[in-house]
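Just run_10.csv here, CSV, C-alpha atoms:
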chain,number,residue,atom,x,y,z
P,287,MET,CA,-3.2,-28.0,5.6
P,288,PRO,CA,-3.7,-24.7,3.7
P,289,ARG,CA,-0.1,-24.7,2.7
P,290,ARG,CA,-0.4,-28.2,1.3
P,291,ALA,CA,-3.5,-27.3,-0.7
P,292,ALA,CA,-1.8,-24.2,-2.0
P,293,ARG,CA,1.2,-26.2,-3.1
P,294,ARG,CA,-1.0,-28.8,-4.8
P,295,LEU,CA,-2.9,-26.1,-6.6
P,296,ARG,CA,0.3,-24.4,-7.7
P,297,LYS,CA,1.6,-27.7,-9.0
P,298,ARG,CA,-1.6,-28.4,-10.8
P,299,LEU,CA,-1.7,-25.0,-12.4
P,300,GLY,CA,1.9,-24.6,-13.4
P,301,ARG,CA,3.3,-21.3,-14.7
P,302,ARG,CA,0.9,-21.0,-17.6
P,303,GLY,CA,-2.2,-21.8,-15.5
P,304,THR,CA,-1.2,-19.4,-12.8
P,305,PHE,CA,-0.9,-16.7,-15.4
P,306,LEU,CA,-4.3,-17.5,-16.9
P,307,LEU,CA,-5.9,-17.7,-13.4
P,308,ILE,CA,-4.6,-14.2,-12.5
P,309,LEU,CA,-5.6,-12.8,-15.9
P,310,GLY,CA,-9.0,-14.3,-15.7
P,311,VAL,CA,-9.8,-12.8,-12.3
P,312,GLY,CA,-8.5,-9.4,-13.5
P,313,LYS,CA,-10.6,-9.4,-16.7
P,314,THR,CA,-13.7,-10.5,-14.9
P,315,CYS,CA,-13.3,-7.8,-12.2
P,316,TRP,CA,-12.7,-5.2,-15.0
P,317,GLY,CA,-15.9,-6.3,-16.7
P,318,VAL,CA,-17.9,-6.1,-13.4
P,319,SER,CA,-16.6,-2.6,-12.9
P,320,PHE,CA,-18.2,-1.6,-16.1
P,321,LEU,CA,-21.5,-3.1,-14.9
P,322,VAL,CA,-21.4,-1.4,-11.5
P,323,ASP,CA,-20.2,2.0,-12.5
P,324,PRO,CA,-19.7,2.4,-16.3
P,325,PRO,CA,-17.3,5.2,-17.4
P,326,ASP,CA,-18.4,8.0,-19.7
P,327,GLY,CA,-17.1,6.1,-22.8
P,328,ALA,CA,-14.8,8.7,-24.2
P,329,GLY,CA,-13.0,7.2,-27.1
P,330,LEU,CA,-15.2,4.2,-27.2
P,331,GLU,CA,-17.8,5.6,-29.6
P,332,LEU,CA,-17.2,2.7,-32.0
P,333,LEU,CA,-18.5,0.4,-29.3
P,334,THR,CA,-21.1,2.6,-27.8
P,335,ASP,CA,-22.7,3.1,-31.2
P,336,VAL,CA,-23.5,-0.6,-31.2
P,337,CYS,CA,-24.6,-0.9,-27.5
P,338,SER,CA,-23.9,0.5,-24.1
P,339,LEU,CA,-20.8,-0.2,-22.1
P,340,ARG,CA,-22.8,-2.2,-19.7
P,341,HIS,CA,-23.4,-4.7,-22.5
P,342,TRP,CA,-19.8,-4.5,-23.6
P,343,SER,CA,-18.8,-5.4,-20.0
P,344,TRP,CA,-20.1,-8.9,-20.6
P,345,LEU,CA,-17.3,-9.4,-23.2
P,346,TRP,CA,-14.8,-8.8,-20.4
P,347,ILE,CA,-16.7,-11.0,-18.0
P,348,VAL,CA,-17.2,-13.9,-20.3
P,349,CYS,CA,-13.7,-13.8,-21.6
P,350,GLY,CA,-12.4,-13.5,-18.1
P,351,LEU,CA,-14.3,-16.6,-17.0
P,352,ILE,CA,-13.1,-18.6,-20.0
P,353,THR,CA,-9.5,-17.5,-19.3
P,354,PHE,CA,-10.0,-18.4,-15.6
P,355,GLY,CA,-11.4,-21.8,-16.5
P,356,SER,CA,-8.6,-22.5,-19.0
P,357,ALA,CA,-6.1,-22.3,-16.1
P,358,PHE,CA,-7.3,-25.7,-15.0
P,359,VAL,CA,-7.0,-27.6,-18.2
P,360,ARG,CA,-3.9,-29.5,-19.3
P,361,ILE,CA,-1.0,-27.7,-20.8
P,362,GLY,CA,-1.4,-27.6,-24.6
P,363,ARG,CA,-5.1,-27.3,-24.3
P,364,ASP,CA,-5.1,-23.8,-22.8
P,365,GLY,CA,-5.2,-22.0,-26.1
P,366,PHE,CA,-8.8,-21.0,-25.8
P,367,GLY,CA,-7.9,-19.2,-22.6
P,368,TYR,CA,-5.2,-17.1,-24.3
P,369,LEU,CA,-7.6,-16.4,-27.2
P,370,ALA,CA,-10.3,-15.3,-24.8
P,371,ALA,CA,-7.8,-13.1,-22.9
P,372,LEU,CA,-6.8,-11.4,-26.2
P,373,LEU,CA,-10.3,-10.5,-27.4
P,374,PRO,CA,-11.4,-7.7,-25.0
P,375,PRO,CA,-8.1,-5.6,-25.0
P,376,THR,CA,-7.9,-6.0,-28.8
P,377,VAL,CA,-11.4,-4.7,-29.3
P,378,TRP,CA,-10.7,-1.8,-26.9
P,379,ALA,CA,-7.5,-1.0,-28.7
P,380,ILE,CA,-9.3,-1.0,-32.1
P,381,ALA,CA,-12.0,1.3,-30.7
P,382,TYR,CA,-9.4,3.8,-29.3
P,383,THR,CA,-7.4,3.7,-32.6
P,384,VAL,CA,-10.6,4.5,-34.6
P,385,ALA,CA,-11.3,7.4,-32.2
P,386,VAL,CA,-7.9,8.9,-32.8
P,387,VAL,CA,-8.1,8.5,-36.6
P,388,SER,CA,-11.5,10.1,-36.6
P,389,GLY,CA,-10.4,12.9,-34.4
P,390,ASP,CA,-12.9,12.2,-31.6
P,391,TYR,CA,-10.4,11.3,-28.9
P,392,SER,CA,-6.8,12.5,-29.2
P,393,ARG,CA,-5.7,10.7,-26.0
P,394,GLY,CA,-7.0,7.4,-27.5
P,395,GLY,CA,-3.7,6.7,-29.3
P,396,PHE,CA,-1.8,6.4,-26.0
P,397,VAL,CA,-4.6,4.2,-24.5
P,398,ALA,CA,-4.5,2.0,-27.6
P,399,ILE,CA,-0.8,1.6,-27.3
P,400,TRP,CA,-1.2,0.8,-23.6
P,401,TYR,CA,-3.7,-2.0,-24.4
P,402,LEU,CA,-1.5,-3.3,-27.2
P,403,THR,CA,1.6,-3.5,-25.1
P,404,SER,CA,0.6,-4.2,-21.6
P,405,HIS,CA,-2.3,-6.5,-22.5
P,406,VAL,CA,-2.1,-7.9,-26.0
P,407,GLY,CA,1.7,-8.1,-26.1
P,408,VAL,CA,2.1,-9.7,-22.7
P,409,ILE,CA,-0.6,-12.3,-23.5
P,410,LEU,CA,1.0,-13.1,-26.8
P,411,TRP,CA,4.4,-13.5,-25.1
P,412,ALA,CA,3.0,-15.6,-22.3
P,413,SER,CA,1.2,-17.9,-24.7
P,414,THR,CA,4.6,-18.9,-26.3
P,415,VAL,CA,6.3,-19.6,-23.0
P,416,PRO,CA,6.6,-23.3,-22.5
P,417,GLU,CA,5.7,-24.7,-19.1
P,418,TYR,CA,9.1,-26.2,-18.2
P,419,SER,CA,11.6,-24.0,-20.0
P,420,VAL,CA,13.7,-23.2,-17.0
P,421,PRO,CA,16.5,-25.8,-16.4
P,422,PRO,CA,16.6,-27.4,-12.9
P,423,ALA,CA,18.9,-25.8,-10.4
P,424,SER,CA,22.3,-27.3,-10.4
P,425,ARG,CA,23.5,-29.1,-7.2
P,426,PRO,CA,26.2,-27.3,-5.2
P,427,PRO,CA,29.5,-29.2,-5.3
P,428,TRP,CA,30.2,-31.4,-2.4
P,429,ARG,CA,32.5,-29.9,0.2
P,430,GLY,CA,35.9,-31.5,0.7
P,431,LYS,CA,36.3,-32.8,-2.8
P,432,ALA,CA,39.0,-31.4,-5.0
P,433,PRO,CA,38.1,-30.3,-8.5
Using structure tokens, write down the structure from this file.
Amino acid sequence: MPRRAARRLRKRLGRRGTFLLILGVGKTCWGVSFLVDPPDGAGLELLTDVCSLRHWSWLWIVCGLITFGSAFVRIGRDGFGYLAALLPPTVWAIAYTVAVVSGDYSRGGFVAIWYLTSHVGVILWASTVPEYSVPPASRPPWRGKAP
């Protein structure tokens, strides 16, 4: 019974939905970690000048929940999920870039590049992947027949 439910869920989600589901859970958990035990905020002064990291954690949580929910909509209507997934890492990358330019956090350039490649880049790539781009597996030739 659990295997059948898992297969049905996987078929319902597809490749794009599965990606959004995983991404949504991850972003929500990352946001909750800022609520539970916020870091010192080094390099995020652009954000912490506006409000605390506990408040910024809600950006991650809300966008993660939107991304998670978008996993269950029909293919072609999941664009809001990808936009929601892009927003938090883009904001963080901008904040770290500003910290490097202003000279407040020299390590921020590496963190900004990390957010731009492993988050923003991967999300942008995944948003362009069609659901059924892989051709079906070819059937093996029948044994005993000459070519």
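You can rank P:Cys337, P:Leu402, P:Leu321, P:Ile352 by their closest distance to Tyr368 (chain P) using all atoms listed in the file, and at the top of that list sits P:Ile352.
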What's around Ala370 (chain P) at 7 Å? Count only C-alpha atoms, leave out sequence neighbours fewer than 2 positions away in its own chain, and write the answer as number ranges by chain.
P: 349, 352-353, 366-368, 372-373
With C-alpha atoms kept, could you save the residues just selected as a JSON list (two decimals), in the coordinates of the input?
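So again_21.json came out as:
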[["chain", "number", "residue", "atom", "x", "y", "z"],
["P", 349, "CYS", "CA", -13.70, -13.80, -21.60],
["P", 352, "ILE", "CA", -13.10, -18.60, -20.00],
["P", 353, "THR", "CA", -9.50, -17.50, -19.30],
["P", 366, "PHE", "CA", -8.80, -21.00, -25.80],
["P", 367, "GLY", "CA", -7.90, -19.20, -22.60],
["P", 368, "TYR", "CA", -5.20, -17.10, -24.30],
["P", 372, "LEU", "CA", -6.80, -11.40, -26.20],
["P", 373, "LEU", "CA", -10.30, -10.50, -27.40]]
In Å, how far is it from CA of Phe354 (chain P) to CA of Arg290 (chain P)?
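We find that CA of Phe354 (chain P) and CA of Arg290 (chain P) lie 21.8 Å from each other.
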Per residue of region 309-372 of chain P within 9 Å of region 296-305 of chain P, record the nearest atom pair and its distance in Å to one decimal, counting all atoms listed in the file, with rows in chain order and ascending residue number, as a Markdown table.
| residue | atom | partner | partner_atom | distance |
| --- | --- | --- | --- | --- |
| P:Leu309 | CA | P:Phe305 | CA | 6.1 |
| P:Gly310 | CA | P:Phe305 | CA | 8.5 |
| P:Phe354 | CA | P:Gly303 | CA | 8.5 |
| P:Ser356 | CA | P:Gly303 | CA | 7.3 |
| P:Ala357 | CA | P:Gly303 | CA | 4.0 |
| P:Phe358 | CA | P:Leu299 | CA | 6.2 |
| P:Val359 | CA | P:Gly303 | CA | 8.0 |
| P:Arg360 | CA | P:Leu299 | CA | 8.5 |
| P:Ile361 | CA | P:Arg302 | CA | 7.7 |
| P:Asp364 | CA | P:Gly303 | CA | 8.1 |
Kindly give the distance, in Å, that separates CA of Leu330 (chain P) and CA of Ile308 (chain P), rounded to a single decimal.
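Interatomic distance here is 25.8 Å.
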Hey, which of P:Leu295, P:Gly365, P:Leu306, P:Pro324 ends up closest to Val408 (chain P)? Count only C-alpha atoms.
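With only C-alpha atoms as the atom set, the closest residue is P:Leu306.
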Go through P:Val318, P:Leu345, P:Ser413, P:Gly329 and flag the residue nearest Arg393 (chain P), using all atoms listed in the file for the distances.
P:Gly329
Hey, can you check how far CA of Arg363 (chain P) sits from CA of Val311 (chain P)?
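Atom-to-atom, CA of Arg363 (chain P) and CA of Val311 (chain P) are spaced 19.4 Å apart.
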Using only C-alpha atoms, which residues sit within 10 Å of His405 (chain P) once same-chain residues fewer than 6 positions away are excluded, as a list in words?
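Contacts, with the query itself left out: Leu309, Ala371, Leu372, Pro374, Pro375, Thr376, Ala379 and Ile399 of chain P.
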Neighbouring residues of Thr314 (chain P) were defined as those with any atom within 6 Å, considering all atoms listed in the file; residues of the same chain fewer than 3 positions away were excluded. Please report them as a ChimeraX atom specification.
/P:311,317,346-347,350
From the options P:Leu351, P:Val406, P:Ala412, P:Ala328, which residue's atoms come nearest to Gly394 (chain P), counting all atoms listed in the file?
P:Ala328
Taking into account only C-alpha atoms, which residue in the set P:Val336, P:Ala292, P:Met287, P:Val348 is nearest to Cys315 (chain P)?
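Among the listed residues, P:Val348 lies closest to Cys315 (chain P).
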